[in-house]
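Engineer: One structure coming up, written as structure tokens, with questions to follow.
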Amino acid sequence: MSLWVDTDYGFDDLWALLLLRRYGATVEGISLVAGNSPLPQVIANALGAAQAYGFDAPLHAGAHRPLKREPETAQAILGERGMDSRGRFLPDVDGPQPPADAIEALADWLMQGGPREVLALGPLTNIALLVQAHPEAAARITRLVWMGGSNGPGNHSPLAEFNALCDPEAADVVARAGLPLDVIDLMICRQARFGAADMPQTDPLTADLLGGYLDIGLSRGRDGMAIYDPVAALALVRPEAFDFARQTLQVSVAADDTYGATTFTADAAGLTRLPTAPREDIARLCLDALRQEDAQ
């Protein structure tokens with residue numbers, strides 16, 4: 001499988017990329033977007049992960065801010081680097097920065113032959129800009145899988161999930177674009193949880209970063225942590241692990257407390273699909289993807 005990944009590069013984004021590699025997917029390009037942290041930190045994380053884990057997909061810098069709203073990050077939860085740790089962090093890399101050509105690079109890739117699948121792991125700003133600037137290229141997406149939205153309560157406001165609330169106008173553009181969209185929402189991700197007893201044996205860097213991610217949940221008095229972006233990656237490479245229902249997606253851009261809320265309506269002809277339930281132990285499948293990963 002060949003695909004493109006659009007990411008704001010926190011730890012669970014890194015985990016998703018490790019899962020894709022474990023399942024044999026070929027990532028042909030990575031576009032970076034501000035979200036979990038500002039774009040310079042997202043770029044630093046991408047460069048550090050490439051060095052530490054041997055990722056060789058070309059990196060392309062994209063949007064540094066949402067389409068309309070003021071930028072908002074998750075650094076208060078995830079730390080200044082956009083990923084916390086129990087010790088080791090990704091290396092700081094001196095060297096050439098990724099070109100600031102994410103939208104053009106993605107459009108060029110989409111215009112090539114063959115299936116064109118895209119995994120979006122952050123705010124949909126880059127994808128919305130693609131739809132607006134290159135609609136003919138966006139129309140060639142054969143499957144867009146997005147970790148975002150919620151078919152229920154939110155996690156960054158009472159009604160909105162973070163990736164949707166980070167840029168609701170972009171999510172609205174994508175929802176209206178008529179793309180084949182699989183939304184891996186907050187509700188399905190919260191069915192994939194892990195605790196201290198579930199930690200896999202892996203290399204020291206991954207263990208420290210995974211521990212820092214788990215500590216987000218533990219610090220809030222929970223017994224574990226939900227898994228987000230890796231579940232979206234799993235849905236891309238193992239769609240048979242989920243039951244899907246066809247929906248119509250609406251995103252609120254109203255200037256009220258619904259801002260960023262996602263509403264799903266059952267629609268047999270809808271181009272959006274939403275997982276209704278996992279068919280397998282998706283937490284185990286995500287954790288297994290980390291076993292024996294060797295950071296350099």
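By convention in this document, the chains of the structure tokens carry letters A, B, ... by their order, each chain's residues are numbered from 1, and ligands are numbered from 1 in the order they are shown.
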Pull the closest atom pair for each residue of stretch 25-45 of chain A that gets at most 10 Å from stretch 83-90 of chain A, along with the distance in Å to one decimal, counting only C-alpha atoms, ordering rows by chain and then ascending residue number, as a Markdown table.
Structural biologist:
| residue | atom | partner | partner_atom | distance |
| --- | --- | --- | --- | --- |
| A:Asn36 | CA | A:Met83 | CA | 8.6 |
| A:Ser37 | CA | A:Met83 | CA | 9.2 |
| A:Ala44 | CA | A:Leu90 | CA | 8.9 |
| A:Asn45 | CA | A:Leu90 | CA | 6.9 |
Engineer: Just the selected residues (C-alpha atoms), exported as a short mmCIF file (atom, residue, chain, number, x, y, z; two decimals), in the first residue's frame, please.
Structural biologist:
data_model
loop_
_atom_site.label_atom_id
_atom_site.label_comp_id
_atom_site.auth_asym_id
_atom_site.auth_seq_id
_atom_site.Cartn_x
_atom_site.Cartn_y
_atom_site.Cartn_z
CA ASN A 36 -0.42 19.84 18.55
CA SER A 37 2.33 22.45 18.57
CA ALA A 44 11.60 19.57 14.60
CA ASN A 45 9.66 16.47 15.70
#
Engineer: Using only C-alpha atoms, which protein or nucleic acid residues come within 6 Å of A:Leu39? Drop anything in the same chain fewer than 3 positions from it, and give the result as a PyMOL selection string.
Structural biologist: chain A and resi 34+42+64
Engineer: May I ask which of the residues A:Gly113, A:Ile77, A:Leu121, A:Trp15 is the closest one to A:Leu32, counting only C-alpha atoms?
Structural biologist: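 Checking each of A:Gly113, A:Ile77, A:Leu121, A:Trp15 against A:Leu32, counting only C-alpha atoms, the winner is A:Leu121.
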Engineer: At a cut-off of 8 Å, using only C-alpha atoms, what residues contact stretch 181-197 of chain A? Leave out same-chain residues fewer than 6 positions from it and give the result as a PyMOL selection string.
Structural biologist: chain A and resi 143-152+154+161+214+223-228+231-232+235+271-278+281-283
Engineer: Any idea what's packed within 10 Å of A:Leu47, counting only C-alpha atoms, ignoring anything in its chain fewer than 5 positions away? Could you give it as a PDB file with all heavy atoms, in the first residue's frame?
Structural biologist:
ATOM      1  N   GLN A  41       7.935  23.508  15.766  1.00  0.00           N
ATOM      2  CA  GLN A  41       8.115  22.338  16.619  1.00  0.00           C
ATOM      3  C   GLN A  41       7.663  21.069  15.906  1.00  0.00           C
ATOM      4  O   GLN A  41       8.272  20.002  16.072  1.00  0.00           O
ATOM      5  CB  GLN A  41       7.341  22.505  17.924  1.00  0.00           C
ATOM      6  CG  GLN A  41       7.557  21.375  18.924  1.00  0.00           C
ATOM      7  CD  GLN A  41       9.000  21.247  19.367  1.00  0.00           C
ATOM      8  OE1 GLN A  41       9.586  22.206  19.872  1.00  0.00           O
ATOM      9  NE2 GLN A  41       9.591  20.071  19.169  1.00  0.00           N
ATOM     10  N   VAL A  42       6.595  21.153  15.116  1.00  0.00           N
ATOM     11  CA  VAL A  42       6.156  20.006  14.321  1.00  0.00           C
ATOM     12  C   VAL A  42       7.285  19.566  13.381  1.00  0.00           C
ATOM     13  O   VAL A  42       7.578  18.366  13.245  1.00  0.00           O
ATOM     14  CB  VAL A  42       4.881  20.360  13.528  1.00  0.00           C
ATOM     15  CG1 VAL A  42       4.509  19.243  12.553  1.00  0.00           C
ATOM     16  CG2 VAL A  42       3.722  20.636  14.476  1.00  0.00           C
ATOM     17  N   ALA A  52      15.841   9.265  14.264  1.00  0.00           N
ATOM     18  CA  ALA A  52      15.812   8.233  15.293  1.00  0.00           C
ATOM     19  C   ALA A  52      15.263   6.908  14.789  1.00  0.00           C
ATOM     20  O   ALA A  52      15.715   5.839  15.219  1.00  0.00           O
ATOM     21  CB  ALA A  52      14.992   8.706  16.492  1.00  0.00           C
ATOM     22  N   PHE A  55      12.943   6.887   9.208  1.00  0.00           N
ATOM     23  CA  PHE A  55      11.916   7.205   8.214  1.00  0.00           C
ATOM     24  C   PHE A  55      12.566   7.950   7.044  1.00  0.00           C
ATOM     25  O   PHE A  55      13.357   8.872   7.261  1.00  0.00           O
ATOM     26  CB  PHE A  55      10.817   8.083   8.806  1.00  0.00           C
ATOM     27  CG  PHE A  55      10.014   7.428   9.895  1.00  0.00           C
ATOM     28  CD1 PHE A  55       9.728   8.116  11.072  1.00  0.00           C
ATOM     29  CD2 PHE A  55       9.536   6.134   9.765  1.00  0.00           C
ATOM     30  CE1 PHE A  55       8.977   7.530  12.074  1.00  0.00           C
ATOM     31  CE2 PHE A  55       8.789   5.536  10.762  1.00  0.00           C
ATOM     32  CZ  PHE A  55       8.504   6.236  11.920  1.00  0.00           C
ATOM     33  N   LEU A  59       9.675  15.043   3.569  1.00  0.00           N
ATOM     34  CA  LEU A  59       8.891  15.921   4.436  1.00  0.00           C
ATOM     35  C   LEU A  59       8.592  17.228   3.708  1.00  0.00           C
ATOM     36  O   LEU A  59       9.457  17.772   3.007  1.00  0.00           O
ATOM     37  CB  LEU A  59       9.657  16.218   5.724  1.00  0.00           C
ATOM     38  CG  LEU A  59       9.998  15.027   6.619  1.00  0.00           C
ATOM     39  CD1 LEU A  59      10.931  15.464   7.739  1.00  0.00           C
ATOM     40  CD2 LEU A  59       8.725  14.400   7.188  1.00  0.00           C
ATOM     41  N   LEU A  90      13.135  12.801  21.231  1.00  0.00           N
ATOM     42  CA  LEU A  90      13.676  12.750  19.882  1.00  0.00           C
ATOM     43  C   LEU A  90      14.884  13.672  19.780  1.00  0.00           C
ATOM     44  O   LEU A  90      14.932  14.720  20.420  1.00  0.00           O
ATOM     45  CB  LEU A  90      12.615  13.184  18.867  1.00  0.00           C
ATOM     46  CG  LEU A  90      11.384  12.284  18.726  1.00  0.00           C
ATOM     47  CD1 LEU A  90      10.374  12.938  17.790  1.00  0.00           C
ATOM     48  CD2 LEU A  90      11.767  10.907  18.221  1.00  0.00           C
ATOM     49  N   PRO A  91      15.866  13.296  18.970  1.00  0.00           N
ATOM     50  CA  PRO A  91      17.049  14.144  18.849  1.00  0.00           C
ATOM     51  C   PRO A  91      16.735  15.472  18.169  1.00  0.00           C
ATOM     52  O   PRO A  91      15.834  15.563  17.338  1.00  0.00           O
ATOM     53  CB  PRO A  91      18.001  13.302  17.992  1.00  0.00           C
ATOM     54  CG  PRO A  91      17.101  12.396  17.222  1.00  0.00           C
ATOM     55  CD  PRO A  91      15.949  12.084  18.128  1.00  0.00           C
ATOM     56  N   ASP A  92      17.496  16.493  18.543  1.00  0.00           N
ATOM     57  CA  ASP A  92      17.450  17.768  17.829  1.00  0.00           C
ATOM     58  C   ASP A  92      18.358  17.640  16.614  1.00  0.00           C
ATOM     59  O   ASP A  92      19.523  17.239  16.733  1.00  0.00           O
ATOM     60  CB  ASP A  92      17.925  18.904  18.726  1.00  0.00           C
ATOM     61  CG  ASP A  92      16.983  19.129  19.906  1.00  0.00           C
ATOM     62  OD1 ASP A  92      15.761  19.007  19.716  1.00  0.00           O
ATOM     63  OD2 ASP A  92      17.477  19.401  21.021  1.00  0.00           O
ATOM     64  N   VAL A  93      17.848  17.972  15.458  1.00  0.00           N
ATOM     65  CA  VAL A  93      18.557  17.752  14.199  1.00  0.00           C
ATOM     66  C   VAL A  93      18.903  19.089  13.571  1.00  0.00           C
ATOM     67  O   VAL A  93      18.011  19.918  13.321  1.00  0.00           O
ATOM     68  CB  VAL A  93      17.706  16.914  13.225  1.00  0.00           C
ATOM     69  CG1 VAL A  93      18.431  16.750  11.894  1.00  0.00           C
ATOM     70  CG2 VAL A  93      17.385  15.549  13.833  1.00  0.00           C
ATOM     71  N   ASP A  94      20.184  19.302  13.335  1.00  0.00           N
ATOM     72  CA  ASP A  94      20.627  20.452  12.553  1.00  0.00           C
ATOM     73  C   ASP A  94      20.731  20.027  11.097  1.00  0.00           C
ATOM     74  O   ASP A  94      21.249  18.960  10.784  1.00  0.00           O
ATOM     75  CB  ASP A  94      21.991  20.947  13.034  1.00  0.00           C
ATOM     76  CG  ASP A  94      21.925  21.552  14.422  1.00  0.00           C
ATOM     77  OD1 ASP A  94      20.890  22.182  14.733  1.00  0.00           O
ATOM     78  OD2 ASP A  94      22.892  21.382  15.196  1.00  0.00           O
ATOM     79  N   GLY A  95      20.253  20.857  10.227  1.00  0.00           N
ATOM     80  CA  GLY A  95      20.324  20.497   8.814  1.00  0.00           C
ATOM     81  C   GLY A  95      19.247  21.192   8.027  1.00  0.00           C
ATOM     82  O   GLY A  95      18.505  22.043   8.543  1.00  0.00           O
ATOM     83  N   PRO A  96      19.123  20.825   6.754  1.00  0.00           N
ATOM     84  CA  PRO A  96      18.131  21.472   5.889  1.00  0.00           C
ATOM     85  C   PRO A  96      16.716  21.289   6.419  1.00  0.00           C
ATOM     86  O   PRO A  96      16.358  20.225   6.914  1.00  0.00           O
ATOM     87  CB  PRO A  96      18.320  20.755   4.548  1.00  0.00           C
ATOM     88  CG  PRO A  96      19.674  20.147   4.611  1.00  0.00           C
ATOM     89  CD  PRO A  96      19.916  19.806   6.045  1.00  0.00           C
ATOM     90  N   GLN A  97      15.935  22.345   6.317  1.00  0.00           N
ATOM     91  CA  GLN A  97      14.538  22.289   6.707  1.00  0.00           C
ATOM     92  C   GLN A  97      13.692  21.771   5.536  1.00  0.00           C
ATOM     93  O   GLN A  97      14.050  21.943   4.371  1.00  0.00           O
ATOM     94  CB  GLN A  97      14.046  23.681   7.109  1.00  0.00           C
ATOM     95  CG  GLN A  97      14.743  24.234   8.342  1.00  0.00           C
ATOM     96  CD  GLN A  97      14.318  23.495   9.603  1.00  0.00           C
ATOM     97  OE1 GLN A  97      13.176  23.574  10.042  1.00  0.00           O
ATOM     98  NE2 GLN A  97      15.248  22.774  10.187  1.00  0.00           N
ATOM     99  N   PRO A  98      12.563  21.130   5.827  1.00  0.00           N
ATOM    100  CA  PRO A  98      11.692  20.683   4.738  1.00  0.00           C
ATOM    101  C   PRO A  98      11.207  21.862   3.910  1.00  0.00           C
ATOM    102  O   PRO A  98      10.957  22.941   4.448  1.00  0.00           O
ATOM    103  CB  PRO A  98      10.517  20.018   5.478  1.00  0.00           C
ATOM    104  CG  PRO A  98      11.024  19.709   6.844  1.00  0.00           C
ATOM    105  CD  PRO A  98      12.033  20.769   7.157  1.00  0.00           C
TER     106      PRO A  98
END
Engineer: To test your reading of the structure, identify every residue in stretch 38-271 of chain A that backbone DSSP assigns to strand (DSSP E or B), and report it as a ChimeraX atom specification.
Structural biologist: /A:59-61,117-120,143-147,181-184,193-194,225-226,242-251,262-266
Engineer: Just to confirm, what's the straight-line distance from atom CA of A:Ala76 to atom CA of A:Val251 in Å (one decimal)?
Structural biologist: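 If I compute the distance from atom CA of A:Ala76 to atom CA of A:Val251, I get 25.0 Å.
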Engineer: With distances taken over only C-alpha atoms, which residue among A:Tyr9, A:Leu3, A:Thr262, A:Met199 lies nearest A:Pro158?
Structural biologist: A:Thr262
Engineer: Give me the residues near stretch 19-23 of chain A as a CSV table (one decimal) with C-alpha atoms, in the first residue's frame, where near means some atom within 10 Å (using only C-alpha atoms) and where sequence neighbours in that chain fewer than 4 positions away do not count.
Structural biologist:
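Output contents, as saved in selection.csv:
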chain,number,residue,atom,x,y,z
A,1,MET,CA,0.0,0.0,0.0
A,3,LEU,CA,0.0,6.5,0.8
A,13,ASP,CA,1.4,10.5,15.1
A,14,LEU,CA,4.9,8.9,15.4
A,15,TRP,CA,3.2,5.7,16.7
A,27,VAL,CA,4.6,6.3,3.0
A,55,PHE,CA,11.9,7.2,8.2
A,229,ASP,CA,-3.8,8.4,15.7
A,230,PRO,CA,-2.6,4.7,15.6
A,231,VAL,CA,-6.3,3.7,15.5
A,233,ALA,CA,-3.6,4.2,10.8
A,234,LEU,CA,-5.0,0.8,11.8
A,236,LEU,CA,-6.4,2.4,6.9
A,237,VAL,CA,-4.3,-0.8,6.8
A,238,ARG,CA,-6.8,-3.1,8.5
A,285,LEU,CA,-3.0,-4.4,17.5
A,286,CYS,CA,-1.7,-0.8,18.0
A,287,LEU,CA,0.6,-1.8,20.9
A,288,ASP,CA,1.9,-4.8,19.0
A,289,ALA,CA,3.1,-2.4,16.3
A,290,LEU,CA,5.6,-0.9,18.8
A,291,ARG,CA,7.2,-4.2,19.8
A,293,GLU,CA,11.0,-1.2,17.1
Engineer: Find the distance between atom CA of A:Leu110 and atom CA of A:Gly29 and write it in Å to one decimal.
Structural biologist: 10.8 Å
